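Visitor: Please read through the structure below; I'll follow up with questions.
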Amino acid sequence: MNTSVQQPNPKSSHTHLDEIYVDQIDAIEFRDVFLRLRRGLRQSLGLALLGLAIGAGGLALLSPLVPASTSTRVVFSFPGIERGENPDKSKFQPDDLRAPAIVAEAMRRQGLDTSEDFQAKIRNAITIEGIIPDAVVKARDRLRATGPTPPIYIPDEYTVTLTANQLLPLTRTQREHFLVELVNAASDDFKRTYGQLPVAFGGVFETLRGADFPEYEIVFNHEIANLTDYLTSQVETAKSFRSPTTNLSFKELLEMTNLFSQIQLNEVLGVIHENGLARNRQTAILRMDHYLKQLSFQENHAIEDEKVVRDLLTQAQGREQNYALGVKSQVAASSRNDAPVLDQGLIDSLIANDSYNFLVRKALDAGLRVREIQSGKSRVIEVRDNLLTFAKSSTSDQSAGLAQIKQPLTELETNYDRLVENIRKTHRDFAAQVYGHAIQLSSGVRTPSLLLWLAIAGSIGIFIGVALGVGLSLLGIYIGEAKRNEL
């Protein structure tokens, strides 16, 4: 029977002893670290309190030197903002919010110094930044990844910030109130600019104060055409709008304007024409001759413009029009993944067709301009010929005609003023509805609190103090302990 005696493995014994030794060393090291930290707890707390005092006190002392910012958010909402256009088709500029006139008005309302130097400092302290939502950024990134270049994005909301410093010593309350007044001043200016009718609108009788009777027809025809064009465009823009002040719609105002022209105006103009009324017929004829010269000059200029446009249109018609819907055959044959969707031929065709359409519109506008001038010229010639007929007549007494026109002319002015006033009130109500909230605050005015910054500075000071105390404790340095030992 074979018996075997197991020999102890020296390697295994050494490994076990090493593990015990390492554990003992780790325990000793951790115990030493713990004892040192415990021994230096007081100095760590003291340094933490010292860091808190230094951090908070330092910020409090330096706060007058640190720029203080107050901000708010402003949203623009009016027709055309999505295209970057103002209501008059001009380019939208967010910097108009800090235009000199707007800033000066806001400062006046706030009771601040309105000197030019201080206004310049205020304007330089205002920054305006567009707000782009994350959804818009992601959508543009996806579109850019597919190949096409995203169109220009025009933000409709902006952050307005006023930063005060030593050169601009404004308190927190002054900054907040100023930003509110700045937005209010910009809103009022916008409504005045785009929400009110021109001052000269409806001032035909002011124009006629120094005019003679034959000029009534010329001036009134131009005025009625302007009123009709305006009301026609408003009917298309606001079909369902009804003014709460006048209880009238733009369609009803257009009908009232037509009735005024056909009945009341034609009565007065008919009496003037049939009797050849004029305060001074010879002077009136000279005025008509001068007006005809101006119209002839405008007619020649318009005819030349029309000729140039028609020549360009004729040249464009000589080219072959390629109305291609899409060419993708080259893309399918290409092995490149980044091959363009449109080839150069299609791009040239689109450009040519767009140029042709542009010339067609220009030719139409030029032709209408020529016809309009010729029509006005014909009316002036008719008025002048009528005056010449009565000037050559032996009967020059106009007393009967002047007496006949006196009462209708007074009624004409009264009814015209009433019509224009109704148009103004209705337009004012419409503008208040459309442009009343064109520029407004979309959030409250915010100013970072000093307490928050004091808390941050104090926290940083506490962290530095604790870190310094722990470091000194680990190094075996204890502040003030040597002095206690000597005692």
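Letters A, B, ... mark the chains of the structure tokens in the order given; residue numbers begin at 1 per chain; ligand numbers begin at 1, in order shown.
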Counting only C-alpha atoms, what is within 9 Å of Ile381 (chain A), bar same-chain residues fewer than 6 positions away, as a PyMOL selection string?

Guide: chain A and resi 288-289+292

Visitor: Assign secondary structure with DSSP using the backbone only, and return the residues of region 207-435 of chain A in helix (DSSP H, G or I) as a PyMOL selection string.

Guide: chain A and resi 207-210+214-237+250-275+281-317+329-333+344-392+399-435

Visitor: Write down as a PyMOL selection string the residues belonging to region 92-222 of chain A that are assigned strand (DSSP E or B) by DSSP computed on the backbone.

Guide: chain A and resi 126-130+157-164

Visitor: Produce a file of the selected residues containing C-alpha atoms, as a compact mmCIF listing (two decimals), in the first residue's frame.

Guide:
```
# COMPACT_ATOMS: atom_id res chain seq x y z
CA ILE A 126 -27.54 97.73 -24.27
CA THR A 127 -27.05 94.40 -26.05
CA ILE A 128 -29.67 92.57 -28.10
CA GLU A 129 -29.29 88.86 -28.85
CA GLY A 130 -31.65 86.64 -30.82
CA GLU A 157 -37.73 86.86 -29.78
CA TYR A 158 -34.65 88.61 -28.40
CA THR A 159 -32.86 89.04 -25.09
CA VAL A 160 -32.25 92.69 -24.20
CA THR A 161 -29.57 93.29 -21.57
CA LEU A 162 -28.52 96.53 -19.87
CA THR A 163 -25.13 96.34 -18.18
CA ALA A 164 -24.18 99.07 -15.69
```

Visitor: Can you list, as a PyMOL selection string, every protein, DNA or RNA residue that comes within 7 Å of Ile462 (chain A) when you count only C-alpha atoms, leaving out same-chain residues fewer than 4 positions away?

Guide: chain A and resi 48-49+51-52+458+466

Visitor: Please dump the current selection as a PDB file, in the first residue's frame; keep N, CA and C atoms.

Guide:
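After the write, selection_30.pdb holds the following:
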```pdb
ATOM      1  N   ALA A  48     -12.073  77.350   7.154  1.00  0.00           N
ATOM      2  CA  ALA A  48     -13.307  77.422   6.374  1.00  0.00           C
ATOM      3  C   ALA A  48     -14.060  78.702   6.684  1.00  0.00           C
ATOM      4  N   LEU A  49     -14.167  79.041   7.977  1.00  0.00           N
ATOM      5  CA  LEU A  49     -14.825  80.293   8.355  1.00  0.00           C
ATOM      6  C   LEU A  49     -14.060  81.501   7.832  1.00  0.00           C
ATOM      7  N   GLY A  51     -12.212  81.537   5.106  1.00  0.00           N
ATOM      8  CA  GLY A  51     -12.472  81.595   3.655  1.00  0.00           C
ATOM      9  C   GLY A  51     -13.843  82.165   3.352  1.00  0.00           C
ATOM     10  N   LEU A  52     -14.847  81.791   4.181  1.00  0.00           N
ATOM     11  CA  LEU A  52     -16.196  82.348   3.997  1.00  0.00           C
ATOM     12  C   LEU A  52     -16.182  83.854   4.161  1.00  0.00           C
ATOM     13  N   GLY A 458     -18.954  82.800  -0.930  1.00  0.00           N
ATOM     14  CA  GLY A 458     -18.725  82.192   0.371  1.00  0.00           C
ATOM     15  C   GLY A 458     -18.467  80.708   0.268  1.00  0.00           C
ATOM     16  N   VAL A 466     -11.371  74.698   3.768  1.00  0.00           N
ATOM     17  CA  VAL A 466     -11.376  73.285   4.176  1.00  0.00           C
ATOM     18  C   VAL A 466     -10.234  72.541   3.493  1.00  0.00           C
TER      19      VAL A 466
END
```

Visitor: Can you measure CA of Glu215 (chain A) to CA of Ala391 (chain A) for me? One decimal in Å is fine.

Guide: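 Computed distance, CA of Glu215 (chain A) to CA of Ala391 (chain A), equals 16.3 Å.
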
Visitor: What is the distance, in Å and to one decimal place, between CA of Ser473 (chain A) and CA of Ala457 (chain A)?

Guide: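 Computing it gives 24.3 Å between the two atoms.
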